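S.K.: For reference, the file model-v7.txt (compact mmCIF, C-alpha atoms) is included below:
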```
# COMPACT_ATOMS: atom_id res chain seq x y z
CA MET A 796 -82.03 -69.79 -85.73
CA LYS A 797 -80.62 -72.55 -83.61
CA ASN A 798 -81.87 -75.00 -86.21
CA ARG A 799 -79.95 -73.24 -88.94
CA ILE A 800 -76.74 -73.22 -86.97
CA LEU A 801 -77.24 -76.85 -86.12
CA VAL A 802 -77.84 -77.77 -89.79
CA VAL A 803 -74.71 -75.89 -90.91
CA LEU A 804 -72.60 -77.59 -88.23
CA VAL A 805 -73.93 -81.03 -89.11
CA MET A 806 -73.28 -80.45 -92.83
CA GLY A 807 -69.75 -79.21 -92.12
CA VAL A 808 -68.99 -82.31 -90.04
CA LEU A 809 -70.45 -84.58 -92.73
CA LEU A 810 -68.51 -82.90 -95.52
CA SER A 811 -65.21 -83.12 -93.66
CA ALA A 812 -65.87 -86.75 -92.78
CA CYS A 813 -66.61 -87.70 -96.42
CA GLY A 814 -63.42 -86.24 -97.94
CA LYS A 815 -60.04 -87.96 -97.85
CA SER A 816 -57.31 -86.58 -95.76
CA ARG A 817 -54.22 -85.14 -97.47
CA GLU A 818 -52.20 -88.09 -96.26
CA GLU A 819 -54.67 -90.58 -97.76
CA GLU A 820 -54.58 -88.75 -101.11
CA LEU A 821 -50.76 -88.82 -101.18
CA LYS A 822 -50.72 -92.56 -100.41
CA GLU A 823 -53.22 -93.19 -103.23
CA GLN A 824 -51.17 -91.13 -105.71
CA HIS A 825 -47.99 -92.92 -104.60
CA SER A 826 -49.70 -96.26 -105.19
CA LYS A 827 -50.86 -95.21 -108.69
CA GLY A 828 -47.37 -93.96 -109.51
CA ALA A 829 -45.79 -97.21 -108.37
CA GLU A 830 -48.24 -99.21 -110.53
CA LEU A 831 -47.45 -97.02 -113.56
CA VAL A 832 -43.70 -97.49 -113.10
CA GLU A 833 -44.15 -101.25 -112.69
CA ASP A 834 -46.19 -101.39 -115.91
CA LYS A 835 -43.60 -99.40 -117.88
CA ALA A 836 -40.72 -101.40 -116.40
CA ALA A 837 -42.45 -104.66 -117.39
CA MET A 838 -42.96 -103.30 -120.93
CA ALA A 839 -39.29 -102.26 -121.17
CA LYS A 840 -38.19 -105.68 -119.91
CA GLY A 841 -40.41 -107.37 -122.50
CA LEU A 842 -38.97 -105.15 -125.23
CA GLY A 843 -35.43 -105.97 -124.09
CA ASP A 844 -36.18 -109.70 -124.05
CA ALA A 845 -37.69 -109.53 -127.54
CA LEU A 846 -34.68 -107.61 -128.87
CA GLN A 847 -32.31 -110.15 -127.39
CA LYS A 848 -34.26 -112.93 -128.98
CA ASP A 849 -35.11 -111.40 -132.38
CA GLY A 850 -32.82 -108.34 -132.49
CA LYS A 851 -30.27 -109.81 -134.89
CA ASP A 852 -32.97 -110.79 -137.37
CA ALA A 853 -34.59 -107.37 -137.08
CA ALA A 854 -31.26 -105.57 -137.60
CA ARG A 855 -30.42 -107.79 -140.58
CA SER A 856 -33.82 -107.09 -142.15
CA LEU A 857 -33.45 -103.36 -141.53
CA THR A 858 -29.97 -103.18 -143.07
CA GLN A 859 -31.11 -105.21 -146.09
CA GLY A 860 -33.92 -102.70 -146.58
CA ILE A 861 -31.52 -99.78 -146.30
CA GLY A 862 -29.18 -101.53 -148.74
CA GLY A 863 -32.06 -101.81 -151.22
CA VAL A 864 -32.78 -98.08 -150.89
CA VAL A 865 -29.12 -97.19 -151.47
CA LYS A 866 -28.92 -99.51 -154.47
CA GLY A 867 -32.08 -97.95 -155.91
CA MET A 868 -30.64 -94.47 -155.40
CA ALA A 869 -27.45 -95.49 -157.20
CA GLN A 870 -29.48 -96.85 -160.11
CA GLY A 871 -31.39 -93.56 -160.20
CA VAL A 872 -28.13 -91.65 -160.43
CA ASP A 873 -27.01 -93.91 -163.28
CA SER A 874 -30.22 -93.16 -165.14
CA LEU A 875 -29.64 -89.44 -164.59
CA GLU A 876 -26.25 -89.84 -166.23
CA ALA A 877 -27.80 -91.51 -169.27
CA ASP A 878 -30.36 -88.73 -169.78
CA PHE A 879 -27.79 -85.99 -170.45
CA ARG A 880 -26.87 -85.64 -174.11
CA ILE A 881 -23.40 -84.22 -174.61
CA GLN A 882 -22.73 -82.70 -178.02
CA LEU A 883 -19.37 -81.55 -179.36
CA SER A 884 -18.84 -78.15 -180.92
CA ASP A 885 -16.69 -77.85 -184.03
CA SER A 886 -13.89 -76.50 -181.82
CA ALA A 887 -14.03 -79.61 -179.59
CA LYS A 888 -14.17 -81.94 -182.59
CA SER A 889 -11.13 -80.26 -184.15
CA GLN A 890 -9.20 -80.93 -180.91
CA GLN A 891 -10.37 -84.58 -181.01
CA ILE A 892 -12.18 -84.26 -177.69
CA LYS A 893 -15.01 -86.64 -176.83
CA ALA A 894 -17.53 -86.59 -173.99
CA GLU A 895 -19.99 -89.36 -173.27
CA ARG A 896 -21.01 -89.34 -169.61
CA ALA A 897 -22.13 -86.65 -167.22
CA VAL A 898 -23.10 -86.61 -163.57
CA LEU A 899 -25.12 -83.85 -161.95
CA GLN A 900 -23.18 -82.22 -159.10
CA GLU A 901 -24.49 -80.66 -155.89
CA LYS A 902 -24.35 -76.91 -155.44
CA ASN A 903 -20.98 -75.69 -154.23
CA ALA A 904 -20.41 -73.10 -151.48
CA GLU A 905 -21.17 -70.25 -153.91
CA GLY A 906 -24.51 -71.85 -154.85
CA GLN A 907 -23.33 -72.81 -158.32
CA LYS A 908 -24.83 -75.90 -159.87
CA GLY A 909 -22.54 -78.28 -161.70
CA LEU A 910 -22.13 -81.09 -164.12
CA LYS A 911 -19.13 -83.39 -164.03
CA VAL A 912 -18.39 -84.66 -167.55
CA TYR A 913 -16.09 -87.51 -168.54
CA VAL A 914 -13.89 -85.96 -171.25
CA GLN A 915 -11.57 -88.01 -173.46
CA SER A 916 -8.83 -86.65 -175.66
CA THR A 917 -7.30 -88.54 -178.59
CA GLN A 918 -4.53 -85.97 -178.97
CA ALA A 919 -2.88 -83.73 -176.39
CA PHE A 920 -5.00 -80.75 -175.39
CA LYS A 921 -4.06 -77.71 -173.36
CA GLY A 922 -6.64 -74.98 -173.06
CA LYS A 923 -10.02 -74.17 -171.64
CA LEU A 924 -13.26 -76.09 -171.94
CA GLN A 925 -16.75 -74.69 -171.57
CA LEU A 926 -20.10 -76.44 -171.37
CA ARG A 927 -23.17 -74.69 -172.78
CA ALA A 928 -26.72 -75.70 -171.93
CA SER A 929 -29.65 -75.59 -174.37
CA ASP A 930 -33.35 -76.22 -173.89
CA ASP A 931 -35.58 -78.45 -176.05
CA LYS A 932 -36.01 -75.60 -178.59
CA GLY A 933 -32.24 -75.28 -179.03
CA SER A 934 -32.05 -71.98 -177.17
CA GLU A 935 -29.01 -71.49 -174.97
CA ILE A 936 -30.01 -71.16 -171.30
CA GLY A 937 -26.62 -71.13 -169.60
CA ARG A 938 -22.86 -71.39 -169.89
CA SER A 939 -20.46 -72.90 -167.44
CA GLN A 940 -17.34 -71.21 -166.25
CA LYS A 941 -14.34 -71.88 -168.46
CA VAL A 942 -12.22 -74.70 -167.04
CA GLU A 943 -8.48 -74.91 -167.64
CA GLN A 944 -7.65 -78.45 -168.74
CA ASN A 945 -4.41 -80.20 -169.65
CA LEU A 946 -4.91 -83.63 -171.25
CA ALA A 947 -2.16 -85.80 -172.71
CA ALA A 948 -2.70 -87.80 -175.88
CA ASP A 949 -5.09 -90.71 -175.22
CA ASP A 950 -6.06 -89.23 -171.85
CA ALA A 951 -9.35 -88.81 -170.00
CA ALA A 952 -10.62 -86.99 -166.94
CA TYR A 953 -13.80 -85.93 -165.21
CA VAL A 954 -14.15 -82.18 -165.69
CA ASP A 955 -16.29 -80.21 -163.23
CA PHE A 956 -18.28 -77.55 -165.09
CA ARG A 957 -20.02 -75.01 -162.82
CA PHE A 958 -23.04 -72.93 -163.86
CA ASP A 959 -24.54 -69.83 -162.31
CA ALA A 960 -27.10 -70.71 -159.64
CA ALA A 961 -29.85 -69.17 -161.82
CA THR A 962 -29.27 -71.63 -164.69
CA PRO A 963 -32.36 -73.88 -164.91
CA LEU A 964 -30.59 -77.23 -165.30
CA SER A 965 -33.92 -79.07 -165.06
CA ARG A 966 -34.88 -77.56 -168.45
CA VAL A 967 -31.70 -78.62 -170.26
CA ALA A 968 -32.23 -80.86 -173.29
CA GLN A 969 -28.58 -81.00 -174.30
CA PHE A 970 -25.12 -79.81 -173.37
CA THR A 971 -22.40 -78.82 -175.84
CA ILE A 972 -18.68 -78.79 -175.07
CA TYR A 973 -16.54 -76.02 -176.54
CA ALA A 974 -12.72 -76.05 -176.67
CA ILE A 975 -11.15 -72.63 -176.25
CA GLN A 976 -7.43 -72.28 -176.88
```
Could you render the structure as C-alpha cells?

M.R.:
Amino acid sequence: MKNRILVVLVMGVLLSACGKSREEELKEQHSKGAELVEDKAAMAKGLGDALQKDGKDAARSLTQGIGGVVKGMAQGVDSLEADFRIQLSDSAKSQQIKAERAVLQEKNAEGQKGLKVYVQSTQAFKGKLQLRASDDKGSEIGRSQKVEQNLAADDAAYVDFRFDAATPLSRVAQFTIYAIQ
C-alpha cells in the first residue's frame, strides 16, 4: 500500500513539474501575439509603400477599365434603342406625327414599365398619344396609358409611355403610336 501511495505521489510531482505554469503560458501567448502583430504591420507597411509607388498607375488602370464598362453599357443601350420598331397608326399619320427612336425606361414607383419615344410633329398637335405593343404574331399584348401632348408645328419631344407592370415588354416585336383627339 505504501508503494502505491509513493507511486501516486511521484507521478503527481512529475506531472506538475512537466507542465508550464500559467505565467509561462501567458508569456508565450503574448510573444506569439506580438509576432503576429509585427507580421501584419510589416505587410500593411509594404502595401502602403507599394500603393505610394504604383498607386497612381493602379488607379488610372482601374478607372480606364470602369470607363470601358460604362462605354460598353452605353453602346448596349443604343442597340436596345435600335431594336424597337415604332409603327404609326392611321390616326398618327393623319396628324403628321413621326416616331423613330425609343428608349426602355425603368419601372416607376407604381411598378409600371415604360418606353420613352422621340415623337416629331410636322403640324401642330394637341391631344393624347397612346403606344400599343404587339408580339411577333401581330397580337396586341399591352397598351400604354394615354399621354396628353401639345406639340407645335415642326416640334419634337420625348414622350414617356407607361405600361401596366404585367405587360411582357421582352416579347414585344413592334410598337404602334395612336393619336387620339

S.K.: Provide the CA of Arg880 in chain A to CA of Phe956 in chain A distance in Å, to one decimal place.

M.R.: 14.9 Å

S.K.: Using all atoms listed in the file, which residue out of A:Gln847, A:Gln915, A:Gln969, A:Gln925 lies closest to Ala894 in chain A?

M.R.: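 Counting all atoms listed in the file, the residue closest to Ala894 in chain A is A:Gln915.
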
S.K.: CA of Leu821 in chain A and CA of Asp834 in chain A, how far apart in Å?

M.R.: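 Rounded to one decimal, the two atoms are 19.9 Å apart.
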
S.K.: Please report the interatomic distance between CA of Ala845 in chain A and CA of Gly828 in chain A in Å with one decimal.

M.R.: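 If I compute the distance from CA of Ala845 in chain A to CA of Gly828 in chain A, I get 25.7 Å.
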
S.K.: Return the single residue from A:Lys888, A:Arg957, A:Arg817, A:Arg938 that is closest to Val912 in chain A, with distances computed using only C-alpha atoms.

M.R.: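 Closest to Val912 in chain A, using only C-alpha atoms: A:Arg957.
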
S.K.: Please, can range 896-907 of chain A be completed to all heavy atoms and returned as a PDB file, in the coordinates of the input?

M.R.:
```pdb
ATOM      1  N   ARG A 896     -20.270 -89.182-170.872  1.00  0.00           N
ATOM      2  CA  ARG A 896     -21.010 -89.340-169.610  1.00  0.00           C
ATOM      3  C   ARG A 896     -20.994 -88.043-168.841  1.00  0.00           C
ATOM      4  O   ARG A 896     -20.024 -87.297-168.872  1.00  0.00           O
ATOM      5  CB  ARG A 896     -20.341 -90.406-168.734  1.00  0.00           C
ATOM      6  CG  ARG A 896     -20.304 -91.777-169.320  1.00  0.00           C
ATOM      7  CD  ARG A 896     -19.660 -92.754-168.368  1.00  0.00           C
ATOM      8  NE  ARG A 896     -20.404 -92.754-167.118  1.00  0.00           N
ATOM      9  CZ  ARG A 896     -19.880 -93.066-165.950  1.00  0.00           C
ATOM     10  NH1 ARG A 896     -18.623 -93.403-165.843  1.00  0.00           N
ATOM     11  NH2 ARG A 896     -20.597 -93.060-164.860  1.00  0.00           N
ATOM     12  N   ALA A 897     -22.061 -87.837-168.081  1.00  0.00           N
ATOM     13  CA  ALA A 897     -22.130 -86.650-167.220  1.00  0.00           C
ATOM     14  C   ALA A 897     -22.888 -87.003-165.948  1.00  0.00           C
ATOM     15  O   ALA A 897     -23.816 -87.802-165.967  1.00  0.00           O
ATOM     16  CB  ALA A 897     -22.833 -85.516-167.947  1.00  0.00           C
ATOM     17  N   VAL A 898     -22.470 -86.396-164.869  1.00  0.00           N
ATOM     18  CA  VAL A 898     -23.100 -86.610-163.570  1.00  0.00           C
ATOM     19  C   VAL A 898     -23.448 -85.245-162.989  1.00  0.00           C
ATOM     20  O   VAL A 898     -22.597 -84.354-162.933  1.00  0.00           O
ATOM     21  CB  VAL A 898     -22.140 -87.351-162.595  1.00  0.00           C
ATOM     22  CG1 VAL A 898     -22.796 -87.535-161.244  1.00  0.00           C
ATOM     23  CG2 VAL A 898     -21.709 -88.674-163.181  1.00  0.00           C
ATOM     24  N   LEU A 899     -24.682 -85.090-162.572  1.00  0.00           N
ATOM     25  CA  LEU A 899     -25.120 -83.850-161.950  1.00  0.00           C
ATOM     26  C   LEU A 899     -24.443 -83.679-160.606  1.00  0.00           C
ATOM     27  O   LEU A 899     -24.392 -84.612-159.807  1.00  0.00           O
ATOM     28  CB  LEU A 899     -26.641 -83.869-161.779  1.00  0.00           C
ATOM     29  CG  LEU A 899     -27.332 -82.571-161.418  1.00  0.00           C
ATOM     30  CD1 LEU A 899     -27.106 -81.516-162.494  1.00  0.00           C
ATOM     31  CD2 LEU A 899     -28.818 -82.803-161.238  1.00  0.00           C
ATOM     32  N   GLN A 900     -23.894 -82.499-160.340  1.00  0.00           N
ATOM     33  CA  GLN A 900     -23.180 -82.220-159.100  1.00  0.00           C
ATOM     34  C   GLN A 900     -24.047 -81.364-158.177  1.00  0.00           C
ATOM     35  O   GLN A 900     -24.859 -80.578-158.634  1.00  0.00           O
ATOM     36  CB  GLN A 900     -21.880 -81.461-159.379  1.00  0.00           C
ATOM     37  CG  GLN A 900     -20.862 -82.268-160.155  1.00  0.00           C
ATOM     38  CD  GLN A 900     -20.362 -83.433-159.369  1.00  0.00           C
ATOM     39  OE1 GLN A 900     -20.749 -84.556-159.612  1.00  0.00           O
ATOM     40  NE2 GLN A 900     -19.519 -83.186-158.416  1.00  0.00           N
ATOM     41  N   GLU A 901     -23.816 -81.502-156.885  1.00  0.00           N
ATOM     42  CA  GLU A 901     -24.490 -80.660-155.890  1.00  0.00           C
ATOM     43  C   GLU A 901     -24.012 -79.231-156.031  1.00  0.00           C
ATOM     44  O   GLU A 901     -22.960 -78.965-156.612  1.00  0.00           O
ATOM     45  CB  GLU A 901     -24.156 -81.171-154.482  1.00  0.00           C
ATOM     46  CG  GLU A 901     -24.679 -82.553-154.181  1.00  0.00           C
ATOM     47  CD  GLU A 901     -26.189 -82.595-154.054  1.00  0.00           C
ATOM     48  OE1 GLU A 901     -26.774 -81.633-153.534  1.00  0.00           O
ATOM     49  OE2 GLU A 901     -26.774 -83.596-154.486  1.00  0.00           O
ATOM     50  N   LYS A 902     -24.779 -78.307-155.461  1.00  0.00           N
ATOM     51  CA  LYS A 902     -24.350 -76.910-155.440  1.00  0.00           C
ATOM     52  C   LYS A 902     -23.088 -76.791-154.600  1.00  0.00           C
ATOM     53  O   LYS A 902     -22.937 -77.460-153.595  1.00  0.00           O
ATOM     54  CB  LYS A 902     -25.437 -76.022-154.832  1.00  0.00           C
ATOM     55  CG  LYS A 902     -26.656 -75.876-155.704  1.00  0.00           C
ATOM     56  CD  LYS A 902     -27.658 -74.960-155.049  1.00  0.00           C
ATOM     57  CE  LYS A 902     -28.893 -74.821-155.905  1.00  0.00           C
ATOM     58  NZ  LYS A 902     -29.884 -73.948-155.289  1.00  0.00           N
ATOM     59  N   ASN A 903     -22.191 -75.926-155.031  1.00  0.00           N
ATOM     60  CA  ASN A 903     -20.980 -75.690-154.230  1.00  0.00           C
ATOM     61  C   ASN A 903     -21.256 -74.571-153.233  1.00  0.00           C
ATOM     62  O   ASN A 903     -22.394 -74.084-153.112  1.00  0.00           O
ATOM     63  CB  ASN A 903     -19.776 -75.397-155.124  1.00  0.00           C
ATOM     64  CG  ASN A 903     -19.923 -74.119-155.931  1.00  0.00           C
ATOM     65  OD1 ASN A 903     -20.843 -73.326-155.724  1.00  0.00           O
ATOM     66  ND2 ASN A 903     -19.015 -73.909-156.863  1.00  0.00           N
ATOM     67  N   ALA A 904     -20.239 -74.112-152.527  1.00  0.00           N
ATOM     68  CA  ALA A 904     -20.410 -73.100-151.480  1.00  0.00           C
ATOM     69  C   ALA A 904     -20.958 -71.792-152.033  1.00  0.00           C
ATOM     70  O   ALA A 904     -21.654 -71.061-151.333  1.00  0.00           O
ATOM     71  CB  ALA A 904     -19.067 -72.851-150.778  1.00  0.00           C
ATOM     72  N   GLU A 905     -20.665 -71.499-153.294  1.00  0.00           N
ATOM     73  CA  GLU A 905     -21.170 -70.250-153.910  1.00  0.00           C
ATOM     74  C   GLU A 905     -22.573 -70.421-154.485  1.00  0.00           C
ATOM     75  O   GLU A 905     -23.111 -69.514-155.095  1.00  0.00           O
ATOM     76  CB  GLU A 905     -20.217 -69.786-155.020  1.00  0.00           C
ATOM     77  CG  GLU A 905     -18.862 -69.298-154.531  1.00  0.00           C
ATOM     78  CD  GLU A 905     -17.898 -70.458-154.274  1.00  0.00           C
ATOM     79  OE1 GLU A 905     -17.930 -71.462-155.018  1.00  0.00           O
ATOM     80  OE2 GLU A 905     -17.125 -70.373-153.308  1.00  0.00           O
ATOM     81  N   GLY A 906     -23.154 -71.608-154.344  1.00  0.00           N
ATOM     82  CA  GLY A 906     -24.510 -71.850-154.850  1.00  0.00           C
ATOM     83  C   GLY A 906     -24.540 -72.227-156.312  1.00  0.00           C
ATOM     84  O   GLY A 906     -25.604 -72.302-156.912  1.00  0.00           O
ATOM     85  N   GLN A 907     -23.376 -72.455-156.914  1.00  0.00           N
ATOM     86  CA  GLN A 907     -23.330 -72.810-158.320  1.00  0.00           C
ATOM     87  C   GLN A 907     -23.676 -74.277-158.505  1.00  0.00           C
ATOM     88  O   GLN A 907     -23.209 -75.134-157.764  1.00  0.00           O
ATOM     89  CB  GLN A 907     -21.924 -72.553-158.893  1.00  0.00           C
ATOM     90  CG  GLN A 907     -21.527 -71.112-158.902  1.00  0.00           C
ATOM     91  CD  GLN A 907     -20.077 -70.947-159.321  1.00  0.00           C
ATOM     92  OE1 GLN A 907     -19.212 -71.665-158.850  1.00  0.00           O
ATOM     93  NE2 GLN A 907     -19.838 -70.017-160.221  1.00  0.00           N
TER      94      GLN A 907
END
```
